[in-house]
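Structure file run_7.pdb with PDB, C-alpha atoms, pLDDT in the B column:
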```
ATOM      1  CA  ASN Z  20       0.000   0.000   0.000  1.00 62.00           C
ATOM      2  CA  SER Z  21       3.003   2.322   0.405  1.00 60.00           C
ATOM      3  CA  GLU Z  22       2.974   3.864  -3.093  1.00 62.00           C
ATOM      4  CA  GLU Z  23      -0.800   4.356  -3.121  1.00 66.00           C
ATOM      5  CA  ARG Z  24      -0.665   5.839   0.376  1.00 69.00           C
ATOM      6  CA  ALA Z  25       2.051   8.323  -0.623  1.00 66.00           C
ATOM      7  CA  ASP Z  26       0.141   9.386  -3.745  1.00 64.00           C
ATOM      8  CA  LEU Z  27      -3.111   9.941  -1.854  1.00 66.00           C
ATOM      9  CA  SER Z  28      -1.409  11.844   0.963  1.00 65.00           C
ATOM     10  CA  ASP Z  29       0.200  14.121  -1.616  1.00 61.00           C
ATOM     11  CA  ASN Z  30      -3.157  14.676  -3.320  1.00 59.00           C
ATOM     12  CA  ASN Z  31      -4.719  15.568   0.019  1.00 59.00           C
ATOM     13  CA  ASP Z  32      -2.273  18.461   0.378  1.00 58.00           C
ATOM     14  CA  ARG Z  33      -2.832  19.979  -3.061  1.00 60.00           C
ATOM     15  CA  TYR Z  34      -6.156  18.656  -4.389  1.00 59.00           C
ATOM     16  CA  VAL Z  35      -8.874  21.308  -4.607  1.00 58.00           C
ATOM     17  CA  GLY Z  36     -11.500  19.535  -6.750  1.00 66.00           C
ATOM     18  CA  GLY Z  37     -14.274  17.159  -5.740  1.00 75.00           C
ATOM     19  CA  PRO Z  38     -13.815  14.032  -3.607  1.00 90.00           C
ATOM     20  CA  ILE Z  39     -11.667  11.097  -4.750  1.00 92.00           C
ATOM     21  CA  PHE Z  40     -13.261   7.634  -4.896  1.00 96.00           C
ATOM     22  CA  LEU Z  41     -11.054   4.556  -4.809  1.00 96.00           C
ATOM     23  CA  LEU Z  42     -11.877   1.585  -7.025  1.00 96.00           C
ATOM     24  CA  GLY Z  43     -10.340  -1.899  -6.863  1.00 96.00           C
ATOM     25  CA  TYR Z  44     -10.846  -5.302  -8.461  1.00 96.00           C
ATOM     26  CA  SER Z  45      -9.910  -8.678  -6.889  1.00 95.00           C
ATOM     27  CA  LEU Z  46      -6.609  -8.197  -5.017  1.00 94.00           C
ATOM     28  CA  GLY Z  47      -6.862  -4.501  -5.845  1.00 95.00           C
ATOM     29  CA  ALA Z  48     -10.218  -4.499  -4.037  1.00 97.00           C
ATOM     30  CA  ASN Z  49      -8.506  -6.033  -1.023  1.00 97.00           C
ATOM     31  CA  ILE Z  50      -5.865  -3.273  -1.109  1.00 95.00           C
ATOM     32  CA  VAL Z  51      -8.507  -0.522  -1.305  1.00 97.00           C
ATOM     33  CA  THR Z  52     -10.443  -2.010   1.626  1.00 97.00           C
ATOM     34  CA  LYS Z  53      -7.334  -2.514   3.752  1.00 96.00           C
ATOM     35  CA  TYR Z  54      -6.114   1.015   3.035  1.00 95.00           C
ATOM     36  CA  LEU Z  55      -9.454   2.619   3.940  1.00 97.00           C
ATOM     37  CA  GLY Z  56      -9.682   0.538   7.121  1.00 97.00           C
ATOM     38  CA  GLU Z  57      -6.126   1.194   8.296  1.00 96.00           C
ATOM     39  CA  GLU Z  58      -6.313   4.920   7.678  1.00 95.00           C
ATOM     40  CA  SER Z  59      -9.793   5.231   9.222  1.00 97.00           C
ATOM     41  CA  LEU Z  60      -8.752   3.281  12.307  1.00 97.00           C
ATOM     42  CA  HIS Z  61      -5.884   5.669  13.044  1.00 96.00           C
ATOM     43  CA  GLY Z  62      -7.616   8.883  11.940  1.00 96.00           C
ATOM     44  CA  THR Z  63      -5.181   9.478   9.063  1.00 94.00           C
ATOM     45  CA  LEU Z  64      -7.535   9.040   6.086  1.00 94.00           C
ATOM     46  CA  PRO Z  65      -7.019  12.028   3.748  1.00 91.00           C
ATOM     47  CA  LYS Z  66     -10.004  14.389   3.639  1.00 89.00           C
ATOM     48  CA  CYS Z  67     -10.069  14.179  -0.159  1.00 89.00           C
ATOM     49  CA  ILE Z  68     -11.215  10.528  -0.002  1.00 93.00           C
ATOM     50  CA  GLY Z  69     -14.975  10.407  -0.482  1.00 95.00           C
ATOM     51  CA  GLY Z  70     -15.490   6.641  -0.606  1.00 97.00           C
ATOM     52  CA  GLY Z  71     -14.625   3.497  -2.494  1.00 97.00           C
ATOM     53  CA  ALA Z  72     -15.808   0.402  -4.323  1.00 98.00           C
ATOM     54  CA  ALA Z  73     -14.367  -3.115  -4.145  1.00 98.00           C
ATOM     55  CA  MET Z  74     -15.300  -5.780  -6.693  1.00 97.00           C
ATOM     56  CA  GLY Z  75     -14.502  -9.438  -6.079  1.00 96.00           C
ATOM     57  CA  ASN Z  76     -12.636  -8.848  -2.825  1.00 97.00           C
ATOM     58  CA  PRO Z  77     -11.731 -12.135  -1.071  1.00 95.00           C
ATOM     59  CA  LEU Z  78     -11.435 -10.282   2.305  1.00 96.00           C
ATOM     60  CA  HIS Z  79      -9.350 -13.183   3.630  1.00 95.00           C
ATOM     61  CA  ILE Z  80      -6.153 -13.857   1.669  1.00 94.00           C
ATOM     62  CA  HIS Z  81      -4.852 -17.419   1.864  1.00 93.00           C
ATOM     63  CA  SER Z  82      -3.224 -18.674  -1.317  1.00 92.00           C
ATOM     64  CA  GLY Z  83      -2.692 -22.092   0.247  1.00 87.00           C
ATOM     65  CA  SER Z  84      -6.451 -22.719   0.180  1.00 85.00           C
ATOM     66  CA  ILE Z  85      -6.896 -22.129  -3.570  1.00 89.00           C
ATOM     67  CA  LYS Z  86      -7.821 -25.406  -5.258  1.00 89.00           C
ATOM     68  CA  PHE Z  87      -6.507 -27.100  -8.397  1.00 91.00           C
ATOM     69  CA  PRO Z  88      -6.215 -26.035 -11.189  1.00 92.00           C
ATOM     70  CA  TRP Z  89      -6.398 -22.375 -10.225  1.00 91.00           C
ATOM     71  CA  ASN Z  90      -3.586 -22.656  -7.674  1.00 94.00           C
ATOM     72  CA  MET Z  91      -1.279 -23.705 -10.511  1.00 95.00           C
ATOM     73  CA  VAL Z  92      -2.663 -21.175 -13.003  1.00 95.00           C
ATOM     74  CA  LEU Z  93      -2.160 -18.269 -10.591  1.00 94.00           C
ATOM     75  CA  GLY Z  94       1.295 -19.552  -9.706  1.00 95.00           C
ATOM     76  CA  ALA Z  95       2.210 -19.579 -13.392  1.00 96.00           C
ATOM     77  CA  GLY Z  96       1.054 -15.978 -13.702  1.00 95.00           C
ATOM     78  CA  VAL Z  97       3.299 -14.833 -10.850  1.00 95.00           C
ATOM     79  CA  LYS Z  98       6.249 -16.747 -12.315  1.00 95.00           C
ATOM     80  CA  ARG Z  99       5.659 -14.944 -15.598  1.00 95.00           C
ATOM     81  CA  SER Z 100       5.913 -11.604 -13.779  1.00 93.00           C
ATOM     82  CA  ILE Z 101       9.149 -12.711 -12.115  1.00 92.00           C
ATOM     83  CA  LEU Z 102      10.615 -13.656 -15.492  1.00 93.00           C
ATOM     84  CA  GLN Z 103       9.572 -10.316 -16.967  1.00 94.00           C
ATOM     85  CA  ASN Z 104      11.576  -8.595 -14.220  1.00 91.00           C
ATOM     86  CA  PHE Z 105      14.440 -11.098 -14.286  1.00 87.00           C
ATOM     87  CA  GLN Z 106      17.131  -8.489 -15.019  1.00 89.00           C
ATOM     88  CA  SER Z 107      16.120  -6.489 -11.939  1.00 88.00           C
ATOM     89  CA  PHE Z 108      16.163  -9.583  -9.742  1.00 85.00           C
ATOM     90  CA  ARG Z 109      19.616 -10.537 -10.987  1.00 84.00           C
ATOM     91  CA  ARG Z 110      21.037  -7.325  -9.505  1.00 87.00           C
ATOM     92  CA  HIS Z 111      20.147  -8.527  -6.005  1.00 85.00           C
ATOM     93  CA  HIS Z 112      23.169 -10.578  -4.952  1.00 83.00           C
ATOM     94  CA  GLU Z 113      22.051 -11.446  -1.414  1.00 87.00           C
ATOM     95  CA  PRO Z 114      22.270 -15.292  -1.296  1.00 88.00           C
ATOM     96  CA  GLY Z 115      19.019 -15.716   0.628  1.00 92.00           C
ATOM     97  CA  PHE Z 116      17.110 -13.697  -1.951  1.00 93.00           C
ATOM     98  CA  GLN Z 117      18.474 -15.739  -4.835  1.00 91.00           C
ATOM     99  CA  ARG Z 118      17.588 -19.001  -3.055  1.00 93.00           C
ATOM    100  CA  ALA Z 119      14.084 -17.730  -2.329  1.00 94.00           C
ATOM    101  CA  MET Z 120      13.508 -16.737  -5.962  1.00 93.00           C
ATOM    102  CA  LYS Z 121      14.776 -20.095  -7.186  1.00 93.00           C
ATOM    103  CA  LYS Z 122      12.501 -21.912  -4.754  1.00 95.00           C
ATOM    104  CA  ALA Z 123       9.576 -19.709  -5.819  1.00 95.00           C
ATOM    105  CA  MET Z 124      10.159 -20.503  -9.491  1.00 95.00           C
ATOM    106  CA  MET Z 125      10.249 -24.219  -8.689  1.00 96.00           C
ATOM    107  CA  SER Z 126       7.007 -24.063  -6.674  1.00 96.00           C
ATOM    108  CA  PRO Z 127       4.047 -25.772  -8.409  1.00 95.00           C
ATOM    109  CA  THR Z 128       1.293 -23.653  -6.809  1.00 96.00           C
ATOM    110  CA  ILE Z 129       0.670 -20.041  -5.823  1.00 96.00           C
ATOM    111  CA  GLY Z 130       0.516 -21.056  -2.142  1.00 96.00           C
ATOM    112  CA  LYS Z 131       3.983 -22.626  -2.149  1.00 96.00           C
ATOM    113  CA  LEU Z 132       5.336 -19.736  -4.229  1.00 96.00           C
ATOM    114  CA  ASP Z 133       4.039 -17.157  -1.726  1.00 96.00           C
ATOM    115  CA  ALA Z 134       5.560 -19.114   1.154  1.00 96.00           C
ATOM    116  CA  ALA Z 135       8.942 -19.253  -0.598  1.00 96.00           C
ATOM    117  CA  ALA Z 136       9.009 -15.536  -1.439  1.00 95.00           C
ATOM    118  CA  ALA Z 137       7.472 -14.282   1.849  1.00 96.00           C
ATOM    119  CA  PRO Z 138      10.806 -13.364   3.547  1.00 95.00           C
ATOM    120  CA  TYR Z 139      11.486 -10.854   0.747  1.00 94.00           C
ATOM    121  CA  ILE Z 140       8.035  -9.382   0.077  1.00 94.00           C
ATOM    122  CA  LEU Z 141       7.544  -5.669   0.788  1.00 91.00           C
ATOM    123  CA  ARG Z 142       5.187  -4.760   3.601  1.00 93.00           C
ATOM    124  CA  ASN Z 143       4.154  -1.692   5.555  1.00 91.00           C
ATOM    125  CA  ASP Z 144       3.456  -1.247   9.235  1.00 92.00           C
ATOM    126  CA  PRO Z 145      -0.313  -1.212   9.917  1.00 88.00           C
ATOM    127  CA  PHE Z 146      -0.003   1.965  12.012  1.00 90.00           C
ATOM    128  CA  PRO Z 147       1.337   5.499  11.396  1.00 92.00           C
ATOM    129  CA  PRO Z 148       3.711   6.399   9.852  1.00 90.00           C
ATOM    130  CA  TYR Z 149       3.128   3.105   7.951  1.00 92.00           C
ATOM    131  CA  ARG Z 150       6.836   2.491   7.442  1.00 92.00           C
ATOM    132  CA  THR Z 151       7.854   0.163   4.623  1.00 91.00           C
ATOM    133  CA  ARG Z 152       9.752  -2.961   5.633  1.00 92.00           C
ATOM    134  CA  ILE Z 153      10.851  -6.155   3.916  1.00 93.00           C
ATOM    135  CA  GLY Z 154       9.908  -9.686   4.781  1.00 94.00           C
ATOM    136  CA  PHE Z 155       7.437 -11.945   6.533  1.00 96.00           C
ATOM    137  CA  LYS Z 156       8.225 -14.947   8.700  1.00 94.00           C
ATOM    138  CA  ASP Z 157       6.337 -17.274   6.359  1.00 95.00           C
ATOM    139  CA  GLY Z 158       3.380 -17.496   4.029  1.00 95.00           C
ATOM    140  CA  GLU Z 159       0.860 -17.606   6.866  1.00 96.00           C
ATOM    141  CA  GLU Z 160       2.077 -14.290   8.285  1.00 96.00           C
ATOM    142  CA  TYR Z 161       2.042 -12.761   4.792  1.00 96.00           C
ATOM    143  CA  TRP Z 162      -1.535 -13.853   4.125  1.00 96.00           C
ATOM    144  CA  HIS Z 163      -2.730 -12.718   7.552  1.00 96.00           C
ATOM    145  CA  ASP Z 164      -1.111  -9.292   7.175  1.00 96.00           C
ATOM    146  CA  SER Z 165      -2.514  -8.850   3.656  1.00 95.00           C
ATOM    147  CA  SER Z 166      -6.139  -9.712   4.502  1.00 97.00           C
ATOM    148  CA  SER Z 167      -8.559  -6.796   4.609  1.00 97.00           C
ATOM    149  CA  HIS Z 168     -11.282  -8.420   6.722  1.00 97.00           C
ATOM    150  CA  ARG Z 169      -9.469  -7.286   9.875  1.00 96.00           C
ATOM    151  CA  TYR Z 170      -9.916  -3.628   8.886  1.00 97.00           C
ATOM    152  CA  VAL Z 171     -13.220  -3.406   7.017  1.00 97.00           C
ATOM    153  CA  ALA Z 172     -15.194  -2.768  10.225  1.00 97.00           C
ATOM    154  CA  HIS Z 173     -13.199   0.469  10.716  1.00 98.00           C
ATOM    155  CA  VAL Z 174     -13.859   2.021   7.284  1.00 98.00           C
ATOM    156  CA  SER Z 175     -15.217   5.522   7.906  1.00 98.00           C
ATOM    157  CA  VAL Z 176     -16.382   6.433   4.369  1.00 98.00           C
ATOM    158  CA  PRO Z 177     -19.015   4.805   2.134  1.00 98.00           C
ATOM    159  CA  LEU Z 178     -17.688   1.580   0.617  1.00 98.00           C
ATOM    160  CA  LEU Z 179     -19.490  -0.570  -1.940  1.00 98.00           C
ATOM    161  CA  LYS Z 180     -18.559  -4.258  -2.066  1.00 98.00           C
ATOM    162  CA  ILE Z 181     -19.805  -6.448  -4.919  1.00 97.00           C
ATOM    163  CA  SER Z 182     -19.287 -10.205  -5.063  1.00 97.00           C
ATOM    164  CA  ALA Z 183     -20.789 -12.962  -7.221  1.00 96.00           C
ATOM    165  CA  GLN Z 184     -22.078 -16.140  -5.620  1.00 96.00           C
ATOM    166  CA  ASP Z 185     -20.556 -18.234  -8.421  1.00 95.00           C
ATOM    167  CA  ASP Z 186     -17.115 -16.610  -8.096  1.00 95.00           C
ATOM    168  CA  PHE Z 187     -15.040 -19.801  -7.964  1.00 90.00           C
ATOM    169  CA  LEU Z 188     -11.924 -17.921  -6.870  1.00 91.00           C
ATOM    170  CA  VAL Z 189     -12.871 -15.748  -3.903  1.00 93.00           C
ATOM    171  CA  PHE Z 190     -16.524 -16.140  -2.882  1.00 94.00           C
ATOM    172  CA  GLY Z 191     -15.817 -18.828  -0.284  1.00 92.00           C
ATOM    173  CA  GLN Z 192     -13.350 -16.619   1.584  1.00 93.00           C
ATOM    174  CA  PHE Z 193     -15.643 -13.611   1.170  1.00 94.00           C
ATOM    175  CA  ALA Z 194     -18.678 -15.418   2.589  1.00 94.00           C
ATOM    176  CA  ARG Z 195     -16.756 -16.651   5.641  1.00 94.00           C
ATOM    177  CA  LYS Z 196     -15.712 -13.099   6.532  1.00 95.00           C
ATOM    178  CA  LEU Z 197     -18.931 -11.342   5.483  1.00 95.00           C
ATOM    179  CA  SER Z 198     -19.880 -10.613   9.096  1.00 95.00           C
ATOM    180  CA  HIS Z 199     -16.969  -8.175   9.355  1.00 96.00           C
ATOM    181  CA  CYS Z 200     -18.572  -6.090   6.589  1.00 96.00           C
ATOM    182  CA  LEU Z 201     -22.038  -6.214   8.142  1.00 94.00           C
ATOM    183  CA  GLU Z 202     -20.688  -4.740  11.392  1.00 95.00           C
ATOM    184  CA  ASN Z 203     -20.038  -1.445   9.605  1.00 97.00           C
ATOM    185  CA  PRO Z 204     -22.966   0.761   8.474  1.00 97.00           C
ATOM    186  CA  ASN Z 205     -20.630   2.501   6.007  1.00 98.00           C
ATOM    187  CA  VAL Z 206     -20.241  -0.713   4.001  1.00 98.00           C
ATOM    188  CA  VAL Z 207     -22.848  -1.650   1.387  1.00 97.00           C
ATOM    189  CA  VAL Z 208     -22.643  -5.314   0.337  1.00 97.00           C
ATOM    190  CA  VAL Z 209     -24.111  -6.523  -2.958  1.00 97.00           C
ATOM    191  CA  LYS Z 210     -24.170 -10.266  -3.691  1.00 96.00           C
ATOM    192  CA  THR Z 211     -25.168 -11.332  -7.194  1.00 95.00           C
ATOM    193  CA  ARG Z 212     -26.287 -14.832  -8.209  1.00 94.00           C
ATOM    194  CA  CYS Z 213     -23.907 -14.933 -11.162  1.00 93.00           C
ATOM    195  CA  GLY Z 214     -20.960 -13.053 -12.573  1.00 93.00           C
ATOM    196  CA  GLY Z 215     -18.022 -15.312 -11.803  1.00 93.00           C
ATOM    197  CA  HIS Z 216     -14.784 -13.576 -10.927  1.00 93.00           C
ATOM    198  CA  LEU Z 217     -15.236 -10.000 -12.169  1.00 93.00           C
ATOM    199  CA  GLY Z 218     -17.394 -11.136 -15.080  1.00 90.00           C
ATOM    200  CA  TRP Z 219     -20.534  -9.036 -14.676  1.00 92.00           C
ATOM    201  CA  GLN Z 220     -21.077  -8.552 -18.407  1.00 85.00           C
ATOM    202  CA  GLU Z 221     -24.534  -7.650 -19.612  1.00 80.00           C
ATOM    203  CA  SER Z 222     -26.099  -8.039 -23.046  1.00 71.00           C
ATOM    204  CA  PRO Z 223     -26.514  -4.893 -25.161  1.00 67.00           C
ATOM    205  CA  PRO Z 224     -30.083  -3.583 -25.449  1.00 62.00           C
ATOM    206  CA  PRO Z 225     -32.136  -4.873 -28.424  1.00 63.00           C
ATOM    207  CA  SER Z 226     -31.925  -1.477 -30.142  1.00 60.00           C
ATOM    208  CA  ALA Z 227     -28.114  -1.649 -30.106  1.00 56.00           C
ATOM    209  CA  LYS Z 228     -28.171  -5.182 -31.521  1.00 54.00           C
ATOM    210  CA  ARG Z 229     -30.387  -4.060 -34.408  1.00 53.00           C
ATOM    211  CA  LYS Z 230     -27.918  -1.285 -35.217  1.00 55.00           C
ATOM    212  CA  GLY Z 231     -25.017  -3.728 -35.215  1.00 54.00           C
ATOM    213  CA  ALA Z 232     -23.475  -2.419 -32.004  1.00 55.00           C
ATOM    214  CA  GLY Z 233     -23.054  -5.793 -30.334  1.00 55.00           C
ATOM    215  CA  SER Z 234     -20.570  -4.899 -27.609  1.00 60.00           C
ATOM    216  CA  SER Z 235     -21.733  -5.491 -24.051  1.00 66.00           C
ATOM    217  CA  GLY Z 236     -21.167  -3.358 -21.008  1.00 79.00           C
ATOM    218  CA  SER Z 237     -20.336  -4.163 -17.423  1.00 87.00           C
ATOM    219  CA  TRP Z 238     -23.145  -4.216 -14.894  1.00 91.00           C
ATOM    220  CA  SER Z 239     -20.665  -3.613 -12.063  1.00 93.00           C
ATOM    221  CA  ASP Z 240     -19.324  -0.448 -13.727  1.00 93.00           C
ATOM    222  CA  ALA Z 241     -22.855   0.917 -13.957  1.00 92.00           C
ATOM    223  CA  ALA Z 242     -23.552  -0.031 -10.327  1.00 95.00           C
ATOM    224  CA  VAL Z 243     -20.385   1.722  -9.131  1.00 96.00           C
ATOM    225  CA  ALA Z 244     -21.229   4.821 -11.176  1.00 95.00           C
ATOM    226  CA  ASP Z 245     -24.732   4.922  -9.626  1.00 96.00           C
ATOM    227  CA  PHE Z 246     -23.226   4.499  -6.143  1.00 97.00           C
ATOM    228  CA  ILE Z 247     -20.785   7.380  -6.620  1.00 96.00           C
ATOM    229  CA  GLU Z 248     -23.476   9.569  -8.187  1.00 96.00           C
ATOM    230  CA  ALA Z 249     -25.711   8.987  -5.163  1.00 96.00           C
ATOM    231  CA  LEU Z 250     -22.889   9.916  -2.783  1.00 95.00           C
ATOM    232  CA  LEU Z 251     -22.164  13.107  -4.698  1.00 94.00           C
ATOM    233  CA  GLN Z 252     -25.861  14.022  -4.613  1.00 94.00           C
ATOM    234  CA  ILE Z 253     -25.987  13.485  -0.847  1.00 92.00           C
ATOM    235  CA  ARG Z 254     -22.894  15.666  -0.369  1.00 88.00           C
ATOM    236  CA  SER Z 255     -24.470  18.378  -2.515  1.00 88.00           C
ATOM    237  CA  GLU Z 256     -27.720  18.304  -0.505  1.00 89.00           C
ATOM    238  CA  ASP Z 257     -25.781  18.430   2.771  1.00 85.00           C
ATOM    239  CA  ARG Z 258     -23.895  21.519   1.603  1.00 84.00           C
ATOM    240  CA  LYS Z 259     -27.177  23.261   0.751  1.00 84.00           C
ATOM    241  CA  LYS Z 260     -28.462  22.643   4.274  1.00 82.00           C
ATOM    242  CA  GLU Z 261     -25.402  24.263   5.863  1.00 73.00           C
TER     243      GLU Z 261
END
```

Written as structure tokens, how would this file's structure read?
Amino acid sequence: NSEERADLSDNNDRYVGGPIFLLGYSLGANIVTKYLGEESLHGTLPKCIGGGAAMGNPLHIHSGSIKFPWNMVLGAGVKRSILQNFQSFRRHHEPGFQRAMKKAMMSPTIGKLDAAAAPYILRNDPFPPYRTRIGFKDGEEYWHDSSSHRYVAHVSVPLLKISAQDDFLVFGQFARKLSHCLENPNVVVVKTRCGGHLGWQESPPPSAKRKGAGSSGSWSDAAVADFIEALLQIRSEDRKKE
């Protein structure tokens, strides 16, 4: 969260426009939720932040619980990112780091990869001044520290959370930690019957089909836009009452 936190703190000092709304998908949704909760808990949330939306947030991160074949597919994706940054990694000559990267590349699943790389993953303290540090004891500590369910009850601005019941990747974790969201009146939870993992596509209207415009839109994008529009309207009405 360190880079996002620095950017938002800087914006708070010089931003003079309307409120900023944070939007995140999947792990990005977890980051948005964790950031809002941490900052709200300690009273350091920038005043320019008006709210947020989190789509497909697992709430509880635990890569070791992801089932086959997705544990291997996600692991392959992370390995691809490591290979794309191979030249940067080669410049780190610390023997432990090189061993960890080699073990990570040899790991068959995302859970084992996370556990191998955990001692060298960046982290930030969960309290001001949120100092950046390096390393976790193991994968379990990394997953625990990264999970946003521990902070969602402290979010002090409106937060929309959307999750699909047939999301094979994160809905199980989300459902088990849903009570943490329901404790907070600032959190609006929307559960859809279908949509998969971030797949809330909707068919184009019949008129568009007749005109040959067959592209579909995203229901979640429209829902987020409506949510933000409602918040802006409420803020406008509150200002008129003052």

Using 9 Å as the limit and counting all atoms listed in the file, can you tabulate each residue of region 133-237 of chain Z that touches region 70-80 of chain Z, with its shortest atom-to-atom distance in Å and the two atoms involved, as CSV?
```
residue,atom,partner,partner_atom,distance
Z:Tyr161,CA,Z:Ile80,CA,8.8
Z:Trp162,CA,Z:Ile80,CA,5.2
Z:His163,CA,Z:Ile80,CA,6.9
Z:Asp164,CA,Z:Ile80,CA,8.8
Z:Ser165,CA,Z:Ile80,CA,6.5
Z:Ser166,CA,Z:His79,CA,4.8
Z:Ser167,CA,Z:Leu78,CA,5.1
Z:His168,CA,Z:Leu78,CA,4.8
Z:Arg169,CA,Z:Leu78,CA,8.4
Z:Val171,CA,Z:Leu78,CA,8.5
Z:Ser175,CA,Z:Gly70,CA,8.6
Z:Val176,CA,Z:Gly70,CA,5.1
Z:Pro177,CA,Z:Gly70,CA,4.8
Z:Leu178,CA,Z:Gly71,CA,4.8
Z:Leu179,CA,Z:Ala72,CA,4.5
Z:Lys180,CA,Z:Ala73,CA,4.8
Z:Ile181,CA,Z:Met74,CA,4.9
Z:Ser182,CA,Z:Gly75,CA,5.0
Z:Ala183,CA,Z:Gly75,CA,7.3
Z:Asp186,CA,Z:Gly75,CA,7.9
Z:Leu188,CA,Z:Pro77,CA,8.2
Z:Val189,CA,Z:Pro77,CA,4.7
Z:Phe190,CA,Z:Pro77,CA,6.5
Z:Gly191,CA,Z:Pro77,CA,7.9
Z:Gln192,CA,Z:Pro77,CA,5.5
Z:Phe193,CA,Z:Pro77,CA,4.7
Z:Ala194,CA,Z:Pro77,CA,8.5
Z:Arg195,CA,Z:His79,CA,8.4
Z:Lys196,CA,Z:Leu78,CA,6.6
Z:Leu197,CA,Z:Leu78,CA,8.2
Z:Gly215,CA,Z:Gly75,CA,8.9
Z:His216,CA,Z:Gly75,CA,6.4
Z:Leu217,CA,Z:Gly75,CA,6.2
```

Considering only C-alpha atoms, return as a list in words whatever protein or nucleic-acid residues lie within 6 Å of region 148-157 of chain Z, sequence-local ones (same chain, fewer than 3 positions apart) excluded. Ala134, Ala137, Pro138, Tyr139, Ile140, Leu141, Arg142, Asn143, Asp144, Pro145, Glu160 and Tyr161 of chain Z

Target residues per the PyMOL selection byres ((chain Z and resi 235-243) around 8), formatted as a list in words: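 Matching residues under the PyMOL selection byres ((chain Z and resi 235-243) around 8) are Ala72, Met74, Leu179, Ile181, Gly218, Trp219, Gln220, Glu221, Ser222, Pro223, Gly233, Ser234, Ala244, Asp245, Phe246 and Ile247 of chain Z.
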
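Within the 12 Å cut-off around Pro147 (chain Z), using all atoms listed in the file and omitting residues fewer than 4 positions from it on the same chain, the listed residues are Ser21, Arg24, Glu57, Glu58, Ser59, Leu60, His61, Gly62, Thr63, Leu64, Asn143 and Thr151 of chain Z.
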
Quick one: write out the picked residues with C-alpha atoms as a compact mmCIF listing (two decimals), keeping the file's coordinate frame?
```txt
# COMPACT_ATOMS: atom_id res chain seq x y z
CA SER Z 21 3.00 2.32 0.40
CA ARG Z 24 -0.66 5.84 0.38
CA GLU Z 57 -6.13 1.19 8.30
CA GLU Z 58 -6.31 4.92 7.68
CA SER Z 59 -9.79 5.23 9.22
CA LEU Z 60 -8.75 3.28 12.31
CA HIS Z 61 -5.88 5.67 13.04
CA GLY Z 62 -7.62 8.88 11.94
CA THR Z 63 -5.18 9.48 9.06
CA LEU Z 64 -7.54 9.04 6.09
CA ASN Z 143 4.15 -1.69 5.56
CA THR Z 151 7.85 0.16 4.62
```

I'd like the residues picked by the PyMOL selection byres ((chain Z and resi 83) around 9) written out as a list in words, using the chain letters and numbers from the file.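 For this structure, the PyMOL selection byres ((chain Z and resi 83) around 9) resolves to His81, Ser82, Ser84, Ile85, Lys86, Asn90, Thr128, Ile129, Gly130, Lys131, Asp133, Ala134, Gly158 and Glu159 of chain Z.
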
What does the distance from CA of His173 (chain Z) to CA of Gly43 (chain Z) come to in Å, to one decimal?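 Calculated distance between CA of His173 (chain Z) and CA of Gly43 (chain Z) is 18.0 Å.
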
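One finds CA of Gly37 (chain Z) at 10.8 Å from CA of Ser255 (chain Z).
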
One-decimal distance in Å that lies between CA of Leu93 (chain Z) and CA of Arg109 (chain Z):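 Between CA of Arg109 (chain Z) and CA of Leu93 (chain Z) the gap is 23.1 Å.
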
List the spatial neighbours of region 110-126 of chain Z as a VMD selection string - criterion: any atom at most 6 Å away, all atoms listed in the file, same-chain residues fewer than 4 positions off excluded. chain Z and resid 131 to 132 135 to 136

File dump, residues just selected, C-alpha atoms, as a PDB file, in the frame of the given file:
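Result file again09.pdb:
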```pdb
ATOM      1  CA  LYS Z 131       3.983 -22.626  -2.149  1.00 96.00           C
ATOM      2  CA  LEU Z 132       5.336 -19.736  -4.229  1.00 96.00           C
ATOM      3  CA  ALA Z 135       8.942 -19.253  -0.598  1.00 96.00           C
ATOM      4  CA  ALA Z 136       9.009 -15.536  -1.439  1.00 95.00           C
TER       5      ALA Z 136
END
```

Identify which of the residues Z:Lys210, Z:Cys200, Z:Glu256, Z:Leu250 lies closest to Thr52 (chain Z), counting all atoms listed in the file when measuring atom-to-atom distances.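 The closest residue to Thr52 (chain Z) is Z:Cys200.
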